[in-house]
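Containing CSV, C-alpha atoms: target-v5.csv.
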```csv
chain,number,residue,atom,x,y,z
A,1,MET,CA,-56.6,-12.4,19.0
A,2,GLU,CA,-56.7,-10.4,22.2
A,3,VAL,CA,-55.9,-6.7,22.0
A,4,LYS,CA,-54.2,-5.5,25.2
A,5,LYS,CA,-55.5,-2.2,26.4
A,6,ARG,CA,-52.9,0.5,26.6
A,7,MET,CA,-52.5,2.6,29.6
A,8,GLN,CA,-51.8,6.3,29.3
A,9,VAL,CA,-48.6,7.6,30.8
A,10,ASN,CA,-47.5,11.2,31.1
A,11,PHE,CA,-43.9,12.3,31.4
A,12,ARG,CA,-41.9,15.3,30.6
A,13,LEU,CA,-39.1,15.4,27.9
A,14,ASP,CA,-36.5,17.9,27.1
A,15,GLN,CA,-37.6,20.0,24.0
A,16,ASN,CA,-34.5,18.9,22.0
A,17,LEU,CA,-35.2,15.2,22.7
A,18,LEU,CA,-38.9,15.6,21.8
A,19,SER,CA,-38.0,17.4,18.5
A,20,ALA,CA,-35.6,14.5,17.7
A,21,ILE,CA,-38.3,12.0,18.4
A,22,GLN,CA,-40.8,13.8,16.3
A,23,HIS,CA,-38.4,14.1,13.4
A,24,LYS,CA,-37.5,10.4,13.5
A,25,CYS,CA,-41.2,9.4,13.6
A,26,LYS,CA,-41.9,11.6,10.6
A,27,VAL,CA,-39.0,10.0,8.7
A,28,ASP,CA,-39.9,6.5,9.6
A,29,ASN,CA,-43.6,7.2,9.2
A,30,ILE,CA,-44.6,5.8,12.6
A,31,SER,CA,-46.5,7.3,15.6
A,32,GLN,CA,-44.6,8.8,18.5
A,33,THR,CA,-46.3,6.3,20.8
A,34,ASP,CA,-45.1,3.3,18.7
A,35,PHE,CA,-41.6,4.7,18.5
A,36,ILE,CA,-41.4,5.2,22.3
A,37,ILE,CA,-42.8,1.7,22.9
A,38,GLN,CA,-40.2,0.2,20.5
A,39,ALA,CA,-37.4,2.1,22.2
A,40,LEU,CA,-38.5,1.0,25.6
A,41,LYS,CA,-38.8,-2.7,24.6
A,42,LYS,CA,-35.4,-2.6,23.0
A,43,ALA,CA,-33.9,-1.2,26.1
A,44,LEU,CA,-35.7,-3.7,28.3
A,45,TYR,CA,-35.0,-6.8,26.2
A,46,SER,CA,-31.6,-6.1,24.7
A,47,ASP,CA,-29.2,-9.0,24.5
A,48,ILE,CA,-26.4,-7.0,26.0
A,49,SER,CA,-28.0,-5.9,29.2
A,50,THR,CA,-25.8,-7.2,31.9
A,51,PRO,CA,-22.2,-6.2,32.8
A,52,ASN,CA,-21.1,-9.9,32.3
A,53,GLU,CA,-22.3,-9.8,28.7
A,54,PHE,CA,-20.5,-6.5,28.1
A,55,GLN,CA,-17.3,-8.1,29.4
A,56,GLN,CA,-17.8,-11.0,26.9
A,57,VAL,CA,-18.1,-8.6,24.0
A,58,ILE,CA,-15.1,-6.6,25.1
A,59,SER,CA,-13.1,-9.8,25.5
A,60,PHE,CA,-14.1,-10.9,22.0
A,61,PHE,CA,-13.1,-7.6,20.5
A,62,SER,CA,-9.8,-7.6,22.5
A,63,LEU,CA,-9.0,-11.0,21.1
A,64,ARG,CA,-9.8,-10.0,17.6
A,65,LEU,CA,-7.7,-6.8,18.0
A,66,GLY,CA,-4.8,-9.0,19.2
A,67,LEU,CA,-5.1,-11.2,16.1
A,68,VAL,CA,-5.1,-8.2,13.8
A,69,GLU,CA,-2.0,-6.7,15.6
A,70,SER,CA,-0.2,-10.1,15.2
A,71,CYS,CA,-1.0,-10.3,11.5
A,72,LEU,CA,0.1,-6.7,11.0
A,73,ALA,CA,3.4,-7.4,12.8
A,74,GLU,CA,4.0,-10.4,10.6
A,75,ASN,CA,3.2,-8.5,7.4
A,76,LEU,CA,5.5,-5.6,8.5
A,77,ALA,CA,8.3,-8.1,9.1
A,78,LYS,CA,7.8,-9.7,5.7
A,79,GLN,CA,7.8,-6.3,4.1
A,80,LYS,CA,11.0,-5.4,5.8
A,81,SER,CA,12.6,-8.7,4.6
A,82,LEU,CA,11.5,-8.1,1.1
A,83,LEU,CA,12.8,-4.6,1.0
A,84,GLU,CA,16.2,-5.8,2.2
A,85,LYS,CA,16.2,-8.5,-0.5
A,86,LEU,CA,15.3,-5.9,-3.1
A,87,ALA,CA,18.1,-3.6,-2.0
A,88,SER,CA,20.5,-6.5,-2.1
A,89,LEU,CA,19.4,-7.4,-5.6
A,90,GLU,CA,19.7,-3.9,-6.8
A,91,GLN,CA,23.3,-3.7,-5.5
A,92,LYS,CA,24.2,-7.0,-7.2
A,93,GLU,CA,22.6,-5.8,-10.4
A,94,GLU,CA,24.8,-2.7,-10.4
A,95,VAL,CA,28.0,-4.7,-9.8
A,96,THR,CA,26.9,-7.3,-12.4
A,97,SER,CA,26.2,-4.7,-15.1
A,98,ASP,CA,29.7,-3.3,-14.7
A,99,LEU,CA,31.2,-6.7,-15.0
A,100,ASP,CA,29.0,-7.6,-17.9
A,101,PHE,CA,30.1,-4.5,-19.9
A,102,LYS,CA,33.8,-5.3,-19.4
A,103,THR,CA,33.3,-9.0,-20.2
A,104,LEU,CA,31.3,-8.1,-23.3
A,105,GLN,CA,34.0,-5.7,-24.4
A,106,ASP,CA,36.7,-8.4,-24.0
A,107,TYR,CA,34.5,-10.8,-25.9
A,108,VAL,CA,33.9,-8.5,-28.9
A,109,LEU,CA,37.6,-7.5,-29.1
A,110,GLY,CA,38.5,-11.2,-29.0
A,111,GLN,CA,36.2,-11.9,-31.9
A,112,LEU,CA,38.0,-9.3,-34.1
A,113,ASP,CA,41.0,-11.6,-34.2
A,114,LEU,CA,43.5,-8.6,-34.1
A,115,ASP,CA,46.8,-8.3,-32.3
A,116,GLN,CA,46.4,-6.0,-29.3
A,117,GLN,CA,49.2,-3.7,-30.6
A,118,THR,CA,47.5,-2.9,-33.9
A,119,PRO,CA,45.9,0.5,-34.5
A,120,SER,CA,42.6,-1.2,-35.5
A,121,TYR,CA,42.4,-3.0,-32.2
A,122,LYS,CA,43.1,0.2,-30.3
A,123,VAL,CA,40.4,2.1,-32.2
A,124,ALA,CA,37.9,-0.7,-31.6
A,125,LYS,CA,38.8,-0.8,-27.9
A,126,THR,CA,38.4,3.0,-27.6
A,127,ALA,CA,35.0,2.9,-29.4
A,128,LEU,CA,33.7,0.1,-27.2
A,129,SER,CA,35.0,2.0,-24.0
A,130,THR,CA,33.2,5.1,-25.2
A,131,PHE,CA,30.1,3.1,-25.9
A,132,ILE,CA,30.1,1.5,-22.5
A,133,THR,CA,30.6,5.0,-20.8
A,134,GLU,CA,27.6,6.3,-22.7
A,135,LEU,CA,25.5,3.2,-21.7
A,136,GLU,CA,26.5,3.7,-18.0
A,137,LYS,CA,25.5,7.4,-18.2
A,138,VAL,CA,22.1,6.5,-19.6
A,139,SER,CA,21.7,3.7,-17.1
A,140,LEU,CA,22.5,6.1,-14.2
A,141,ASP,CA,20.2,8.8,-15.6
A,142,SER,CA,17.3,6.3,-16.0
A,143,LYS,CA,17.7,5.1,-12.4
A,144,SER,CA,17.3,8.7,-11.2
A,145,ASP,CA,14.6,9.5,-13.8
A,146,ASN,CA,16.8,12.5,-14.7
A,147,TYR,CA,17.5,12.2,-18.5
A,148,PRO,CA,19.6,14.9,-19.9
A,149,ALA,CA,17.4,17.3,-21.9
A,150,ASN,CA,19.9,17.5,-24.7
A,151,TYR,CA,20.6,13.7,-24.9
A,152,SER,CA,19.8,12.1,-28.3
A,153,THR,CA,21.4,9.7,-30.7
A,154,GLU,CA,22.8,12.6,-32.6
A,155,ASN,CA,25.2,13.2,-29.7
A,156,LEU,CA,26.8,9.8,-30.5
A,157,SER,CA,28.8,10.6,-33.5
A,158,MET,CA,31.6,8.3,-34.7
A,159,LYS,CA,35.0,10.0,-35.2
```

Same coordinates, now as structure tokens:
Amino acid sequence: MEVKKRMQVNFRLDQNLLSAIQHKCKVDNISQTDFIIQALKKALYSDISTPNEFQQVISFFSLRLGLVESCLAENLAKQKSLLEKLASLEQKEEVTSDLDFKTLQDYVLGQLDLDQQTPSYKVAKTALSTFITELEKVSLDSKSDNYPANYSTENLSMK
């Protein structure tokens, strides 16, 4: 193997640059000569050394950025659609819950097999109405995460 003889070259460096080179060489455990040779070779033989290659790299990243923006726009549109569907379902749920309570009240009263004019029927209807009102209060409070501090089952006393 033939060893090429090195030529000595003298040049001046800024003190800060020289200090940075010395520090890097100490960290990487290489001589300053070897470090400078590697840096010069890297600068001379770099793959991205012509303006045309820079343009290719910029074009590639521009294309990728366009794809990312497109995907982001699609995902934002999907998110908006899902949020609208969720809001619609929440509105339907509120309407349905009101209807369900009334339907359930009518069903329970029908199962009692009482005439609507009897005192027992009226007491049962009043009790169910009160119960539904309390359920609605709890339902509204739970949606706002604002439970009354004094709310407990003890507040529901039968009269």

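Across the structure, atom CA of Met7 of chain A and atom CA of Ser46 of chain A are spaced 23.2 Å apart.
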
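Across the structure, atom CA of Leu18 of chain A and atom CA of Lys4 of chain A are spaced 26.3 Å apart.
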
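Restricting the calculation to all atoms listed in the file, the smallest distance between Phe101 of chain A and any of A:Thr118, A:Ser70, A:Ser81, A:Ser129 is found for A:Ser129.
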
Notebook entry, point to check: If you measure from atom CA of Ala39 of chain A to atom CA of Gln55 of chain A, what distance in Å do you get, rounded to one decimal?
Noted result: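 Spanning atom CA of Ala39 of chain A to atom CA of Gln55 of chain A is a straight-line distance of 23.7 Å.
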
Any chance you could work out the axis-aligned box around segment 14-32 of chain A, listed atoms only, 8 Å on each side, giving centre and edge lengths in Å to one decimal, as AutoDock Vina command-line options?
```
--center_x -40.5 --center_y 12.9 --center_z 17.9 --size_x 28.0 --size_y 30.2 --size_z 34.4
```

Check: Which polymer residues have any atom within 12 Å of an atom of Thr33 of chain A, counting all atoms listed in the file, with same-chain residues fewer than 2 positions away left out, as a ChimeraX atom specification?
Finding: /A:6-10,18,21-22,25,29-31,35-40

Next item on the list: For Leu114 of chain A, list every protein, DNA or RNA residue within 12 Å, evaluated using all atoms listed in the file, and leave out those in the same chain fewer than 6 positions away; present the list as a ChimeraX atom specification.
Entry: /A:108,120-125
